[in-house]
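final-v8.txt, holding compact mmCIF, C-alpha atoms and all ligand atoms:
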# COMPACT_ATOMS: atom_id res chain seq x y z
CA LEU J 1 181.65 105.61 157.51
CA VAL J 2 182.45 108.01 154.68
CA PHE J 3 181.16 106.95 151.27
CA GLU J 4 183.63 107.96 148.56
CA LYS J 5 182.43 106.29 145.41
CA ILE J 6 179.83 103.90 144.10
CA THR J 7 180.44 101.71 141.04
CA LEU J 8 177.51 100.14 139.17
CA THR J 9 177.67 97.53 136.42
CA GLY J 10 174.59 96.03 134.80
CA PHE J 11 172.40 97.56 137.52
CA LYS J 12 169.05 98.76 136.14
CA SER J 13 169.75 101.46 133.52
CA PHE J 14 173.51 101.56 134.31
CA VAL J 15 174.62 98.84 131.93
CA GLU J 16 178.24 99.99 131.40
CA PRO J 17 180.51 100.26 134.47
CA THR J 18 179.68 103.65 135.97
CA ASP J 19 181.42 105.48 138.83
CA PHE J 20 179.77 108.13 140.96
CA LEU J 21 182.04 110.13 143.22
CA ILE J 22 180.42 111.15 146.49
CA GLU J 23 181.95 114.39 147.76
CA PRO J 24 181.82 115.45 151.44
CA GLY J 25 178.59 117.17 152.54
CA LEU J 26 175.05 116.88 151.26
CA THR J 27 174.68 115.23 147.85
CA GLY J 28 171.73 115.92 145.58
CA VAL J 29 171.07 114.09 142.31
CA VAL J 30 169.45 116.10 139.52
CA GLY J 31 168.58 115.25 135.91
CA PRO J 32 165.67 114.81 133.50
CA ASN J 33 162.86 112.33 134.15
CA GLY J 34 163.90 108.73 133.67
CA CYS J 35 167.65 109.40 133.58
CA GLY J 36 168.32 107.04 136.50
CA LYS J 37 168.31 109.24 139.64
CA SER J 38 166.15 106.86 141.65
CA ASN J 39 168.07 103.86 140.27
CA LEU J 40 171.26 105.32 141.74
CA LEU J 41 169.69 105.68 145.17
CA GLU J 42 168.35 102.16 144.91
CA ALA J 43 171.84 100.89 144.10
CA ILE J 44 173.15 102.42 147.34
CA ARG J 45 170.32 100.80 149.31
CA TRP J 46 170.79 97.50 147.50
CA VAL J 47 174.52 97.18 148.16
CA MET J 48 173.81 97.82 151.86
CA GLY J 49 171.62 94.72 151.90
CA ALA J 50 168.11 95.91 150.99
CA ASN J 51 165.94 92.91 150.30
CA SER J 52 162.36 94.11 150.31
CA ALA J 53 160.45 94.71 147.09
CA LYS J 54 159.15 97.95 148.61
CA ALA J 55 162.64 99.36 149.09
CA MET J 56 163.59 98.38 145.57
CA ARG J 57 160.46 99.36 143.54
CA GLY J 58 160.46 95.95 141.85
CA SER J 59 158.54 92.75 142.38
CA GLN J 60 161.54 90.43 141.94
CA MET J 61 165.07 90.87 143.21
CA GLU J 62 166.40 90.03 139.73
CA ASP J 63 164.59 93.09 138.35
CA VAL J 64 167.68 95.10 139.29
CA ILE J 65 169.63 93.42 136.47
CA PHE J 66 169.76 95.43 133.21
CA SER J 67 166.88 93.95 131.26
CA GLY J 68 167.91 95.22 127.82
CA THR J 69 166.62 97.83 125.40
CA ARG J 70 165.64 97.68 121.77
CA GLN J 71 169.32 98.14 120.87
CA ARG J 72 171.04 96.08 123.58
CA PRO J 73 170.47 92.62 125.02
CA GLY J 74 169.90 92.21 128.76
CA ARG J 75 172.58 91.08 131.20
CA ASN J 76 172.87 88.05 133.47
CA GLN J 77 174.48 89.83 136.33
CA ALA J 78 174.47 93.14 138.19
CA HIS J 79 177.12 94.38 140.59
CA VAL J 80 177.42 97.39 142.79
CA THR J 81 180.47 98.30 144.87
CA LEU J 82 180.44 100.94 147.57
CA HIS J 83 183.91 102.36 148.30
CA ILE J 84 184.13 103.57 151.88
CA ASP J 85 186.84 105.59 153.60
CA ASN J 86 187.48 103.87 156.94
CA SER J 87 190.56 105.88 157.91
CA ALA J 88 188.75 106.89 161.13
CA ARG J 89 188.59 103.12 161.84
CA VAL J 90 184.93 103.12 162.85
CA ALA J 91 183.94 99.82 161.17
CA PRO J 92 183.05 96.80 163.38
CA ALA J 93 186.10 94.89 164.65
CA ALA J 94 185.86 92.10 162.06
CA PHE J 95 186.34 94.56 159.17
CA ASN J 96 188.40 97.24 160.86
CA ASP J 97 191.86 96.29 159.69
CA SER J 98 192.13 98.65 156.70
CA ASP J 99 191.57 102.30 155.81
CA GLN J 100 189.41 101.37 152.85
CA LEU J 101 186.31 99.18 152.79
CA ASP J 102 184.94 97.95 149.48
CA VAL J 103 181.50 96.43 149.91
CA MET J 104 180.28 94.54 146.85
CA ARG J 105 176.98 92.84 146.11
CA VAL J 106 176.48 90.73 143.01
CA ILE J 107 173.26 89.19 141.75
CA THR J 108 173.28 86.50 139.08
CA LYS J 109 170.10 85.32 137.34
CA GLY J 110 168.83 82.16 138.99
CA LYS J 111 171.54 82.22 141.64
CA GLY J 112 170.64 85.06 143.99
CA SER J 113 172.97 87.54 145.69
CA THR J 114 176.45 87.29 147.15
CA TYR J 115 178.32 89.87 149.19
CA LYS J 116 182.00 90.66 149.63
CA ILE J 117 183.86 93.03 151.91
CA ASN J 118 187.39 93.78 150.65
CA GLY J 119 187.18 90.71 148.43
CA LYS J 120 186.19 88.32 151.21
CA THR J 121 182.79 86.60 150.97
CA VAL J 122 180.47 87.60 153.81
CA ARG J 123 176.81 87.07 154.75
CA ALA J 124 174.05 89.60 153.98
CA LYS J 125 173.67 89.98 157.73
CA ASP J 126 177.34 91.08 158.10
CA VAL J 127 176.80 93.84 155.56
CA GLN J 128 173.49 94.92 157.11
CA LEU J 129 175.03 95.08 160.59
CA LEU J 130 178.07 96.98 159.33
CA PHE J 131 175.78 99.77 158.13
CA ALA J 132 173.30 99.55 161.00
CA ASP J 133 176.12 100.11 163.49
CA ALA J 134 177.33 103.06 161.46
CA SER J 135 173.77 104.45 161.68
CA THR J 136 173.32 104.34 157.97
CA GLY J 137 171.92 101.38 156.03
CA ALA J 138 169.29 100.51 153.51
CA ASN J 139 166.52 102.22 155.50
CA SER J 140 168.63 105.13 156.60
CA PRO J 141 166.91 108.52 156.69
CA ALA J 142 170.11 109.88 155.15
CA LEU J 143 168.75 108.60 151.81
CA VAL J 144 165.65 110.54 150.93
CA ARG J 145 163.34 108.86 148.42
CA GLN J 146 160.61 110.60 146.46
CA ASN J 147 157.41 110.88 148.60
CA GLN J 148 159.37 110.08 151.75
CA ILE J 149 158.91 113.51 153.31
CA SER J 150 155.11 113.34 153.07
CA GLU J 151 155.18 109.74 154.35
CA LEU J 152 157.12 110.88 157.40
CA ILE J 153 154.64 113.67 158.14
CA SER J 154 151.71 111.25 158.09
CA ALA J 155 153.60 108.32 159.73
CA LYS J 156 152.46 106.57 162.90
CA PRO J 157 154.45 107.55 166.02
CA ALA J 158 156.12 104.10 166.19
CA ASN J 159 157.44 104.47 162.64
CA ARG J 160 158.60 108.01 163.26
CA ARG J 161 160.42 106.78 166.34
CA ARG J 162 162.35 104.32 164.13
CA VAL J 163 163.67 107.26 162.10
CA LEU J 164 164.83 108.99 165.27
CA GLU J 165 166.51 105.79 166.46
CA GLU J 166 168.41 105.56 163.19
CA ALA J 167 169.53 109.15 163.57
CA ALA J 168 170.65 108.44 167.14
CA GLY J 169 172.71 105.50 165.90
CA ILE J 170 171.01 102.88 168.06
CA SER J 171 169.09 100.77 165.53
CA GLY J 172 171.84 98.10 165.40
CA LEU J 173 171.23 97.55 169.09
CA HIS J 174 167.69 96.20 168.63
CA SER J 175 168.64 92.73 167.41
CA ARG J 176 171.35 92.47 170.03
CA ARG J 177 168.88 93.48 172.76
CA HIS J 178 166.47 90.80 171.57
CA GLU J 179 169.22 88.15 171.84
CA ALA J 180 170.18 89.38 175.32
CA GLU J 181 166.53 89.20 176.45
CA LEU J 182 166.27 85.60 175.25
CA ARG J 183 169.40 84.69 177.20
CA LEU J 184 168.05 86.46 180.30
CA ARG J 185 164.79 84.53 180.10
CA ALA J 186 166.68 81.23 179.82
CA ALA J 187 168.72 82.16 182.89
CA GLU J 188 165.54 83.04 184.83
CA ASN J 189 164.04 79.65 183.94
CA ASN J 190 167.17 77.94 185.24
CA LEU J 191 166.94 79.90 188.50
CA ASP J 192 163.28 78.91 188.92
CA ARG J 193 164.19 75.27 188.44
CA LEU J 194 167.01 75.64 190.95
CA ASP J 195 164.53 77.10 193.50
CA ASP J 196 162.28 74.06 192.99
CA ILE J 197 165.15 71.66 193.53
CA MET J 198 166.35 73.52 196.65
CA ALA J 199 162.81 73.39 198.08
CA GLN J 200 162.75 69.62 197.55
CA VAL J 201 166.16 69.15 199.22
CA ASP J 202 165.02 71.18 202.25
P1 LIG J 301 162.04 110.45 137.61
O1 LIG J 301 162.59 111.81 137.78
O2 LIG J 301 160.99 110.35 136.55
O3 LIG J 301 161.66 109.77 138.89
P2 LIG J 301 164.58 109.04 137.55
O4 LIG J 301 165.72 109.86 137.06
O5 LIG J 301 164.46 108.81 139.01
O6 LIG J 301 163.23 109.58 136.96
P3 LIG J 301 164.76 106.24 137.34
O7 LIG J 301 163.42 105.85 137.86
O8 LIG J 301 165.92 106.12 138.24
O9 LIG J 301 164.67 107.69 136.77
O10 LIG J 301 165.11 105.45 136.00
C1 LIG J 301 164.13 104.93 135.21
C2 LIG J 301 164.78 104.34 133.97
O11 LIG J 301 165.49 103.17 134.33
C3 LIG J 301 163.72 103.95 132.98
O12 LIG J 301 164.14 104.41 131.72
C4 LIG J 301 163.73 102.45 133.02
O13 LIG J 301 163.47 101.89 131.77
C5 LIG J 301 165.15 102.15 133.43
N1 LIG J 301 165.26 100.85 134.10
C6 LIG J 301 164.75 100.49 135.30
N2 LIG J 301 165.00 99.20 135.57
C7 LIG J 301 165.71 98.73 134.52
C8 LIG J 301 166.28 97.47 134.18
N3 LIG J 301 166.20 96.41 135.01
N4 LIG J 301 166.92 97.36 133.00
C9 LIG J 301 167.02 98.41 132.17
N5 LIG J 301 166.52 99.62 132.41
C10 LIG J 301 165.87 99.79 133.56
Show how you would write the structure in this file as structure tokens.
Amino acid sequence: LVFEKITLTGFKSFVEPTDFLIEPGLTGVVGPNGCGKSNLLEAIRWVMGANSAKAMRGSQMEDVIFSGTRQRPGRNQAHVTLHIDNSARVAPAAFNDSDQLDVMRVITKGKGSTYKINGKTVRAKDVQLLFADASTGANSPALVRQNQISELISAKPANRRRVLEEAAGISGLHSRRHEAELRLRAAENNLDRLDDIMAQVD
């Protein structure tokens, strides 16, 4: 999936609608302290379905909404839209019928988050799977946070393995594998019961 543009409105320090164009290749964000570099990265993670306080540097999910300054009142809502070029048609089947994917997440005070793909309401899980299959996503190693490099160096092997699995594009398979294992176990139980019944009939 090729990210082309991200639009933020009312998200953290980006109170006015703001577009960031994402050009091909490696993108670095530079600017003075406090100008919103980390907020931008958080917006990308957030629209991909990030839900943990750790990923978002805040204690409450609503902390992403512009909270106001001395000059401006706070907002009730934040939205972020990620514009994706899908001309290679690599999105999962359910969303693969157009060359452009617009993924939007909106949070409203007291009402939580909603997600849309190309204007159609979807579940958080749909958005998370879309990015997991494309080996990107809220925890993707393609987004490098401050301190993340030193964390990786000192990480436990199991956590480091997770990063490699992301890079290999197989992290979306974990939840599917879990479901398949549950089905397999149910089938094995049925077979055991069948053996018991056959033994009784003999
Ligand atoms: P540094 O280089 O110091 O890490 P940065 O460019 O990464 O800075 P950010 O951490 O992205 O900066 O932005 C911090 C700014 O965002 C602060 O000025 C903070 O007040 C503002 N900010 C964060 N959350 C909100 C919010 N909910 N409403 C309004 N402003 C916010």
Would you compute, for all listed atoms of ligand LIG 301 (chain J), the axis-aligned bounding box grown by 3 Å on each side, and then report its centre and edge lengths in Å rounded to one decimal, as JSON?
{"center_x": 164.0, "center_y": 104.1, "center_z": 135.4, "size_x": 12.0, "size_y": 21.4, "size_z": 13.3}
Non-local contacts of J:Ile117 (7 Å; only C-alpha atoms; under 4 positions in same chain excluded) as a list in words: Leu101, Asp102, Val103, Met104, Thr121 and Val122 of chain J
Convert the current residue selection to file output with C-alpha atoms, as a CSV table (one decimal), in the frame of the given file.
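Output file result_7.csv is given in full below:
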chain,number,residue,atom,x,y,z
J,101,LEU,CA,186.3,99.2,152.8
J,102,ASP,CA,184.9,98.0,149.5
J,103,VAL,CA,181.5,96.4,149.9
J,104,MET,CA,180.3,94.5,146.8
J,121,THR,CA,182.8,86.6,151.0
J,122,VAL,CA,180.5,87.6,153.8
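The space between atom CA of J:Met48 and atom CA of J:Glu181 spans 27.1 Å.
Taking atom CA of J:Ala50 as the reference point, atom CA of J:Ala94 is found at 21.3 Å.
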Straight-line distance linking atom CA of J:Pro73 with atom CA of J:Val15, stated in Å to one decimal: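 Rounded to one decimal, the two atoms are 10.2 Å apart.
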Spatial sel., origin (181.6, 103.3, 149.1), limit 8 Å, only C-alpha atoms, listed as a ChimeraX atom specification: /J:2-6,81-85,101-103
Exercise: J:Thr108 partners within 12 Å, all atoms listed in the file, chain neighbours under 4 positions left out, as a PyMOL selection string: chain J and resi 10-11+61-66+75-79+112-115
